[in-house]
$ cat entry.txt   # compact mmCIF, C-alpha atoms
# COMPACT_ATOMS: atom_id res chain seq x y z
CA MET A 289 -62.20 16.83 -7.93
CA ALA A 290 -59.25 14.66 -8.89
CA ALA A 291 -56.10 15.12 -6.85
CA GLU A 292 -53.25 16.86 -8.59
CA PRO A 293 -50.39 14.53 -9.56
CA SER A 294 -47.43 14.84 -7.22
CA LYS A 295 -44.50 16.72 -8.65
CA ARG A 296 -41.06 15.10 -8.77
CA ARG A 297 -38.68 16.99 -6.54
CA SER A 298 -35.50 18.22 -8.21
CA ALA A 299 -32.02 18.20 -6.72
CA GLU A 300 -32.49 21.90 -5.97
CA ASP A 301 -35.56 21.03 -3.86
CA VAL A 302 -33.88 18.17 -1.96
CA LEU A 303 -30.37 19.57 -1.34
CA PRO A 304 -29.74 22.62 0.78
CA LYS A 305 -29.19 25.79 -1.19
CA GLY A 306 -25.74 25.76 -2.77
CA ALA A 307 -25.06 22.08 -1.94
CA GLU A 308 -25.38 20.96 -5.56
CA ASN A 309 -22.70 23.51 -6.49
CA MET A 310 -20.45 22.21 -3.72
CA LEU A 311 -20.83 18.65 -5.00
CA ALA A 312 -20.08 19.74 -8.57
CA ALA A 313 -17.00 21.60 -7.37
CA LEU A 314 -15.80 18.54 -5.44
CA LEU A 315 -16.22 16.24 -8.45
CA ASP A 316 -14.54 18.78 -10.72
CA GLY A 317 -11.60 19.02 -8.31
CA LEU A 318 -11.15 15.25 -8.25
CA GLU A 319 -11.21 15.13 -12.05
CA ARG A 320 -8.75 18.01 -12.50
CA HIS A 321 -6.25 16.41 -10.14
CA GLY A 322 -6.68 12.93 -11.58
CA ARG A 323 -7.97 11.50 -8.30
CA PRO A 324 -10.47 8.62 -8.39
CA MET A 325 -13.89 8.70 -6.79
CA ARG A 326 -12.76 5.91 -4.47
CA PRO A 327 -9.68 6.37 -2.26
CA LEU A 328 -6.36 4.73 -3.13
CA VAL A 329 -4.27 2.64 -0.73
CA ARG A 330 -0.50 2.26 -0.63
CA VAL A 331 1.36 -0.53 1.19
CA VAL A 332 5.09 -1.27 1.46
CA LEU A 333 6.53 -4.65 2.49
CA VAL A 334 9.97 -6.16 2.99
CA GLY A 335 10.88 -9.83 3.08
CA ASN A 336 13.39 -12.55 2.32
CA GLN A 337 13.91 -16.27 1.96
CA HIS A 338 16.54 -18.72 3.11
CA GLU A 339 19.57 -18.40 0.93
CA LYS A 340 20.51 -21.30 -1.31
CA PRO A 341 23.65 -21.98 -3.32
CA GLY A 342 23.83 -19.87 -6.46
CA LYS A 343 23.30 -16.26 -7.46
CA TRP A 344 20.95 -14.25 -5.26
CA GLU A 345 19.22 -12.80 -8.34
CA LYS A 346 18.03 -16.27 -9.34
CA GLN A 347 16.60 -16.81 -5.89
CA ARG A 348 14.44 -13.66 -6.22
CA GLU A 349 13.07 -14.59 -9.66
CA PRO A 350 10.21 -16.92 -8.55
CA LEU A 351 8.61 -14.16 -6.47
CA LEU A 352 9.19 -11.53 -9.14
CA HIS A 353 7.61 -13.71 -11.83
CA TRP A 354 4.68 -14.77 -9.62
CA LEU A 355 3.77 -11.22 -8.65
CA SER A 356 4.19 -9.90 -12.21
CA ALA A 357 1.83 -12.61 -13.49
CA TYR A 358 -0.67 -11.83 -10.70
CA VAL A 359 -0.72 -8.10 -11.45
CA LYS A 360 -0.92 -8.69 -15.22
CA GLU A 361 -4.37 -10.24 -14.79
CA LEU A 362 -5.73 -7.05 -13.20
CA SER A 363 -7.11 -4.08 -15.12
CA GLY A 364 -9.45 -1.14 -14.74
CA GLU A 365 -10.40 -0.40 -11.15
CA LYS A 366 -8.55 -3.54 -10.02
CA GLU A 367 -5.24 -2.33 -11.46
CA LEU A 368 -2.22 -2.36 -9.16
CA THR A 369 0.83 -0.20 -9.73
CA GLY A 370 4.16 -0.30 -7.95
CA LEU A 371 7.57 -1.93 -7.86
CA LEU A 372 9.12 -5.11 -6.47
CA LEU A 373 12.82 -4.53 -5.88
CA GLY A 374 15.01 -7.59 -5.35
CA LEU A 375 18.16 -7.04 -3.26
CA PRO A 376 20.91 -9.32 -1.93
CA SER A 377 19.49 -8.88 1.60
CA GLY A 378 15.88 -9.62 0.56
CA TRP A 379 13.24 -7.59 -1.26
CA ILE A 380 11.09 -4.50 -0.85
CA LEU A 381 7.67 -4.11 -2.46
CA LEU A 382 5.45 -1.05 -2.94
CA ALA A 383 1.91 -1.62 -4.22
CA GLU A 384 -0.87 0.91 -4.70
CA GLY A 385 -4.48 0.69 -5.82
CA LEU A 386 -8.02 0.50 -4.49
CA HIS A 387 -8.54 -1.20 -1.12
CA GLU A 388 -10.11 -4.41 -2.49
CA PRO A 389 -7.39 -5.38 -5.02
CA VAL A 390 -4.61 -4.42 -2.61
CA ALA A 391 -6.15 -6.55 0.15
CA ALA A 392 -6.65 -9.45 -2.29
CA MET A 393 -3.01 -9.25 -3.40
CA LEU A 394 -1.78 -9.26 0.21
CA LYS A 395 -3.88 -12.33 1.01
CA ALA A 396 -2.65 -14.14 -2.10
CA LEU A 397 0.93 -13.21 -1.23
CA SER A 398 0.49 -14.40 2.36
CA ALA A 399 -0.66 -17.78 1.07
CA GLU A 400 2.73 -18.19 -0.66
CA GLU A 401 4.70 -17.91 2.58
CA GLY A 402 7.09 -20.84 2.84
CA GLN A 403 7.08 -21.30 -0.93
CA LEU A 404 8.12 -18.01 -2.56
CA PHE A 405 9.50 -16.43 0.61
CA ASP A 406 10.08 -17.21 4.27
CA VAL A 407 9.06 -13.97 5.92
CA ALA A 408 7.26 -10.79 4.85
CA LYS A 409 6.78 -7.71 6.99
CA VAL A 410 4.72 -4.56 6.47
CA ILE A 411 6.62 -1.32 7.04
CA HIS A 412 3.98 1.13 5.77
CA GLN A 413 0.30 1.41 4.88
CA SER A 414 -1.62 4.56 4.05
CA GLU A 415 -5.16 5.19 2.86
CA ASP A 416 -6.61 7.92 0.67
CA ILE A 417 -3.28 8.80 -0.94
CA PRO A 418 -3.56 11.77 -3.34
CA CYS A 419 -2.25 9.91 -6.40
CA ARG A 420 -0.21 6.92 -7.52
CA ALA A 421 3.57 7.22 -7.44
CA PHE A 422 4.01 4.58 -10.18
CA SER A 423 2.34 4.61 -13.59
CA SER A 424 2.28 0.80 -13.93
CA TRP A 425 3.86 -2.34 -12.45
CA GLY A 426 7.51 -3.35 -12.61
CA SER A 427 10.18 -5.47 -10.95
CA LYS A 428 13.95 -5.30 -10.85
CA CYS A 429 16.94 -6.91 -9.15
CA VAL A 430 19.83 -4.68 -8.12
CA SER A 431 22.44 -4.45 -5.39
CA VAL A 432 22.35 -1.16 -3.47
CA ALA A 433 25.35 -1.44 -1.14
CA ARG A 434 25.78 1.81 0.79
CA LYS A 435 26.97 0.63 4.24
CA ASN A 436 24.40 3.01 5.75
CA TYR A 437 23.23 0.97 8.71
CA ALA A 438 20.85 3.02 10.86
CA GLU A 439 20.16 3.22 14.57
CA THR A 440 16.76 1.64 15.28
CA ALA A 441 16.26 2.31 18.99
CA GLY A 442 13.08 4.14 20.00
CA ASP A 443 11.75 6.57 17.39
CA GLN A 444 14.74 5.94 15.14
CA LEU A 445 13.10 2.80 13.76
CA ALA A 446 10.13 4.82 12.45
CA THR A 447 12.55 7.30 10.88
CA MET A 448 14.44 4.55 9.05
CA LEU A 449 11.23 2.89 7.81
CA GLY A 450 9.92 6.25 6.64
CA GLU A 451 13.08 6.83 4.64
CA LEU A 452 12.68 3.42 2.98
CA VAL A 453 9.12 4.30 1.95
CA ILE A 454 10.08 7.76 0.68
CA GLY A 455 12.91 6.22 -1.33
CA MET A 456 10.47 3.87 -3.07
CA ILE A 457 7.98 6.66 -3.79
CA LYS A 458 10.73 8.81 -5.31
CA ILE A 459 11.65 5.97 -7.66
CA GLY A 460 8.06 5.91 -8.93
CA GLN A 461 7.96 9.67 -9.39
CA ALA A 462 11.17 9.71 -11.43
CA VAL A 463 11.41 6.38 -13.25
CA GLY A 464 8.85 7.21 -15.97
CA PRO A 465 6.40 4.87 -17.75
CA MET A 466 8.03 1.70 -16.32
CA GLY A 467 9.24 0.24 -19.61
CA SER A 468 12.37 -1.88 -19.73
CA HIS A 469 14.46 1.18 -20.66
CA ASP A 470 13.06 3.09 -17.68
CA LEU A 471 13.66 0.23 -15.25
CA ASN A 472 17.25 -0.06 -16.48
CA LYS A 473 17.87 3.34 -14.85
CA ILE A 474 17.71 1.49 -11.54
CA ASP A 475 21.03 -0.21 -12.40
CA ALA A 476 22.60 3.26 -12.27
CA TRP A 477 20.85 4.13 -9.02
CA GLN A 478 23.73 6.32 -7.82
CA ALA A 479 22.96 8.80 -10.62
CA HIS A 480 19.16 8.49 -10.86
CA PHE A 481 17.93 7.38 -7.43
CA PRO A 482 20.44 8.30 -4.71
CA GLU A 483 17.82 7.67 -1.98
CA MET A 484 16.99 4.13 -3.14
CA PRO A 485 16.50 1.65 -0.25
CA SER A 486 19.81 -0.02 0.49
CA ASN A 487 20.70 -3.66 1.07
CA GLU A 488 21.67 -2.82 4.64
CA ARG A 489 18.49 -1.01 5.71
CA VAL A 490 16.10 -3.45 4.06
CA GLY A 491 17.92 -6.22 5.91
CA GLN A 492 17.57 -4.29 9.18
CA ALA A 493 13.81 -3.84 8.64
CA ILE A 494 13.36 -7.55 7.96
CA GLU A 495 15.21 -8.57 11.12
CA HIS A 496 13.62 -6.07 13.50
CA ASP A 497 11.11 -7.67 15.88
CA ASP A 498 8.94 -4.55 16.15
CA VAL A 499 7.99 -4.60 12.46
CA PRO A 500 4.73 -6.58 12.05
CA THR A 501 4.61 -9.65 9.85
CA LEU A 502 2.23 -9.77 6.90
CA LYS A 503 -0.05 -12.23 8.70
CA ASP A 504 -0.27 -10.04 11.79
CA PHE A 505 -0.98 -7.01 9.63
CA LEU A 506 -3.78 -8.78 7.73
CA ASP A 507 -5.47 -9.68 11.00
CA ILE A 508 -5.79 -5.95 11.69
CA PHE A 509 -6.26 -4.75 8.10
CA GLU A 510 -9.28 -6.96 7.45
CA THR A 511 -10.93 -6.88 10.87
CA PRO A 512 -13.88 -4.46 10.94
CA VAL A 513 -13.81 -1.83 13.66
CA GLU A 514 -16.14 -2.70 16.52
CA ILE A 515 -17.78 0.28 18.15
CA SER A 516 -18.76 -0.32 21.76
CA LEU A 517 -21.01 2.25 23.41
CA GLN A 518 -20.93 2.80 27.14
CA SER A 519 -24.65 2.06 27.30
CA ASP A 520 -23.96 -1.42 25.92
CA ARG A 521 -21.70 -2.17 28.90
CA VAL A 522 -24.07 -0.99 31.64
CA TRP A 523 -26.56 -3.29 33.38
CA PRO A 524 -29.34 -2.75 34.09
CA PRO A 525 -29.89 -0.51 31.08
CA GLU A 526 -30.70 3.08 31.76
CA ARG A 527 -34.33 4.08 31.50
CA PRO A 528 -35.20 6.30 28.54
CA MET A 529 -35.60 9.92 29.45
CA VAL A 530 -39.16 11.23 29.40
CA TYR A 531 -39.56 14.71 28.01
$ encode --input "entry.txt" --output "structure tokens"
Amino acid sequence: MAAEPSKRRSAEDVLPKGAENMLAALLDGLERHGRPMRPLVRVVLVGNQHEKPGKWEKQREPLLHWLSAYVKELSGEKELTGLLLGLPSGWILLAEGLHEPVAAMLKALSAEEGQLFDVAKVIHQSEDIPCRAFSSWGSKCVSVARKNYAETAGDQLATMLGELVIGMIKIGQAVGPMGSHDLNKIDAWQAHFPEMPSNERVGQAIEHDDVPTLKDFLDIFETPVEISLQSDRVWPPERPMVY
């Protein structure tokens, strides 16, 4: 007698009872909230360059143009959104996207050290953010003089850096579709973005020794985690248990 052909097992046969409904609910939740299947990353940097004679806005333009051209070449899953804000004391940059394009942008930016800027430091990085704060990419030069120098001893440094990050996120949530008209709101920051990062605090973040440089950050960001088990450090190895 010929053997009966094997039946293909359905998802209901393979998954535990109710698991397929849990997966469908998870995917539906991601779609309803506009969250991608792959987690998003957000990173915030500050930096500056040696000042030269002339207007400070002109000295920020090479970096603004370079980064705008870099981001313009990206689309789809590689798309980056965010804002590069040029200030008299330096610049602050927020970028968000999938891990791979964000990491590639940071490496490309690091390679420009000494050309487009003299120092860049990372003040924030978070993974699996719920959504993007900015709808697209933009850049702007503005002076935000508030004379709000902050204490940076102990935990106060983390508080100041957190306020810089929150200020950038709030710009993205309120600025709109990032057209030229929307970005012009930044010129009237007192009315539209009262918590915008100031010249003084960005300068403090750049000068603080406890804030890691971009190169130091990349050494950690791109290094895979090595898991070392206790059994790997014991010699001679333990004998397997006999049951």
$ atom_distance --input "entry.txt" --atom1 "atom CA of Arg330 of chain A" --atom2 "atom CA of Met393 of chain A"
12.1 Å
$ residues_around --input "entry.txt" --residues "Pro500 of chain A" --least-positions-apart "4" --cutoff "7 Å" --atoms "only C-alpha atoms" --output "NGL selection string"
:A and (409-410 or 504-505)
$ atom_distance --input "entry.txt" --atom1 "atom CA of Phe481 of chain A" --atom2 "atom CA of Val407 of chain A"
26.7 Å
$ closest_residue --input "entry.txt" --among "A:Lys395, A:Met448, A:Asp475, A:Ala357" --to "Asp507 of chain A" --atoms "all atoms listed in the file"
A:Lys395
$ closest_atom_pairs --input "entry.txt" --of "segment 392-507 of chain A" --to "segment 335-341 of chain A" --cutoff "10 Å" --atoms "only C-alpha atoms" --output "Markdown table"
| residue | atom | partner | partner_atom | distance |
| --- | --- | --- | --- | --- |
| A:Glu401 | CA | A:Gln337 | CA | 9.4 |
| A:Gly402 | CA | A:Gln337 | CA | 8.3 |
| A:Gln403 | CA | A:Gln337 | CA | 9.0 |
| A:Leu404 | CA | A:Gln337 | CA | 7.5 |
| A:Phe405 | CA | A:Gln337 | CA | 4.6 |
| A:Asp406 | CA | A:Gln337 | CA | 4.6 |
| A:Val407 | CA | A:Gly335 | CA | 5.3 |
| A:Ala408 | CA | A:Gly335 | CA | 4.1 |
| A:Lys409 | CA | A:Gly335 | CA | 6.0 |
| A:Val410 | CA | A:Gly335 | CA | 8.8 |
| A:Val490 | CA | A:Gly335 | CA | 8.3 |
| A:Gly491 | CA | A:Gly335 | CA | 8.4 |
| A:Ala493 | CA | A:Gly335 | CA | 8.7 |
| A:Ile494 | CA | A:Gly335 | CA | 5.9 |
| A:Glu495 | CA | A:Gly335 | CA | 9.2 |
| A:Thr501 | CA | A:Gly335 | CA | 9.2 |
| A:Leu502 | CA | A:Gly335 | CA | 9.5 |
$ atom_distance --input "entry.txt" --atom1 "atom CA of Glu514 of chain A" --atom2 "atom CA of Pro528 of chain A"
24.3 Å
$ residues_around --input "entry.txt" --residues "Lys473 of chain A" --least-positions-apart "4" --cutoff "12 Å" --atoms "only C-alpha atoms" --output "list in words"
Lys428, Cys429, Val430, Ile459, Gly460, Ala462, Val463, Gly464, Pro465, Met466, Gly467, Ser468, His469, Trp477, Gln478, Ala479, His480, Phe481, Pro482 and Met484 of chain A
$ residues_near_point --input "entry.txt" --point "(-3.6, -4.8, -4.1)" --cutoff "9 Å" --atoms "only C-alpha atoms" --output "short mmCIF file (atom, residue, chain, number, x, y, z; two decimals) with C-alpha atoms, in the frame of the given file"
data_model
loop_
_atom_site.label_atom_id
_atom_site.label_comp_id
_atom_site.auth_asym_id
_atom_site.auth_seq_id
_atom_site.Cartn_x
_atom_site.Cartn_y
_atom_site.Cartn_z
CA VAL A 329 -4.27 2.64 -0.73
CA ARG A 330 -0.50 2.26 -0.63
CA VAL A 331 1.36 -0.53 1.19
CA VAL A 359 -0.72 -8.10 -11.45
CA LYS A 366 -8.55 -3.54 -10.02
CA GLU A 367 -5.24 -2.33 -11.46
CA LEU A 368 -2.22 -2.36 -9.16
CA THR A 369 0.83 -0.20 -9.73
CA ALA A 383 1.91 -1.62 -4.22
CA GLU A 384 -0.87 0.91 -4.70
CA GLY A 385 -4.48 0.69 -5.82
CA LEU A 386 -8.02 0.50 -4.49
CA HIS A 387 -8.54 -1.20 -1.12
CA GLU A 388 -10.11 -4.41 -2.49
CA PRO A 389 -7.39 -5.38 -5.02
CA VAL A 390 -4.61 -4.42 -2.61
CA ALA A 391 -6.15 -6.55 0.15
CA ALA A 392 -6.65 -9.45 -2.29
CA MET A 393 -3.01 -9.25 -3.40
CA LEU A 394 -1.78 -9.26 0.21
#
$ closest_residue --input "entry.txt" --among "A:Trp425, A:Trp344, A:Trp523, A:Phe509" --to "Leu362 of chain A" --atoms "all atoms listed in the file"
A:Trp425
$ closest_residue --input "entry.txt" --among "A:Glu483, A:Glu526, A:Glu415, A:Glu365" --to "Gly455 of chain A" --atoms "all atoms listed in the file"
A:Glu483
$ closest_residue --input "entry.txt" --among "A:Gly317, A:Trp379, A:Leu397, A:Asn309" --to "Trp354 of chain A" --atoms "only C-alpha atoms"
A:Leu397
$ residues_near_point --input "entry.txt" --point "(25.1, 1.0, 2.4)" --cutoff "9 Å" --atoms "all atoms listed in the file" --output "ChimeraX atom specification"
/A:432-437,486-489
$ residues_around --input "entry.txt" --residues "Ile411 of chain A" --least-positions-apart "6" --cutoff "7 Å" --atoms "only C-alpha atoms" --output "number ranges by chain"
A: 332-333, 449, 499
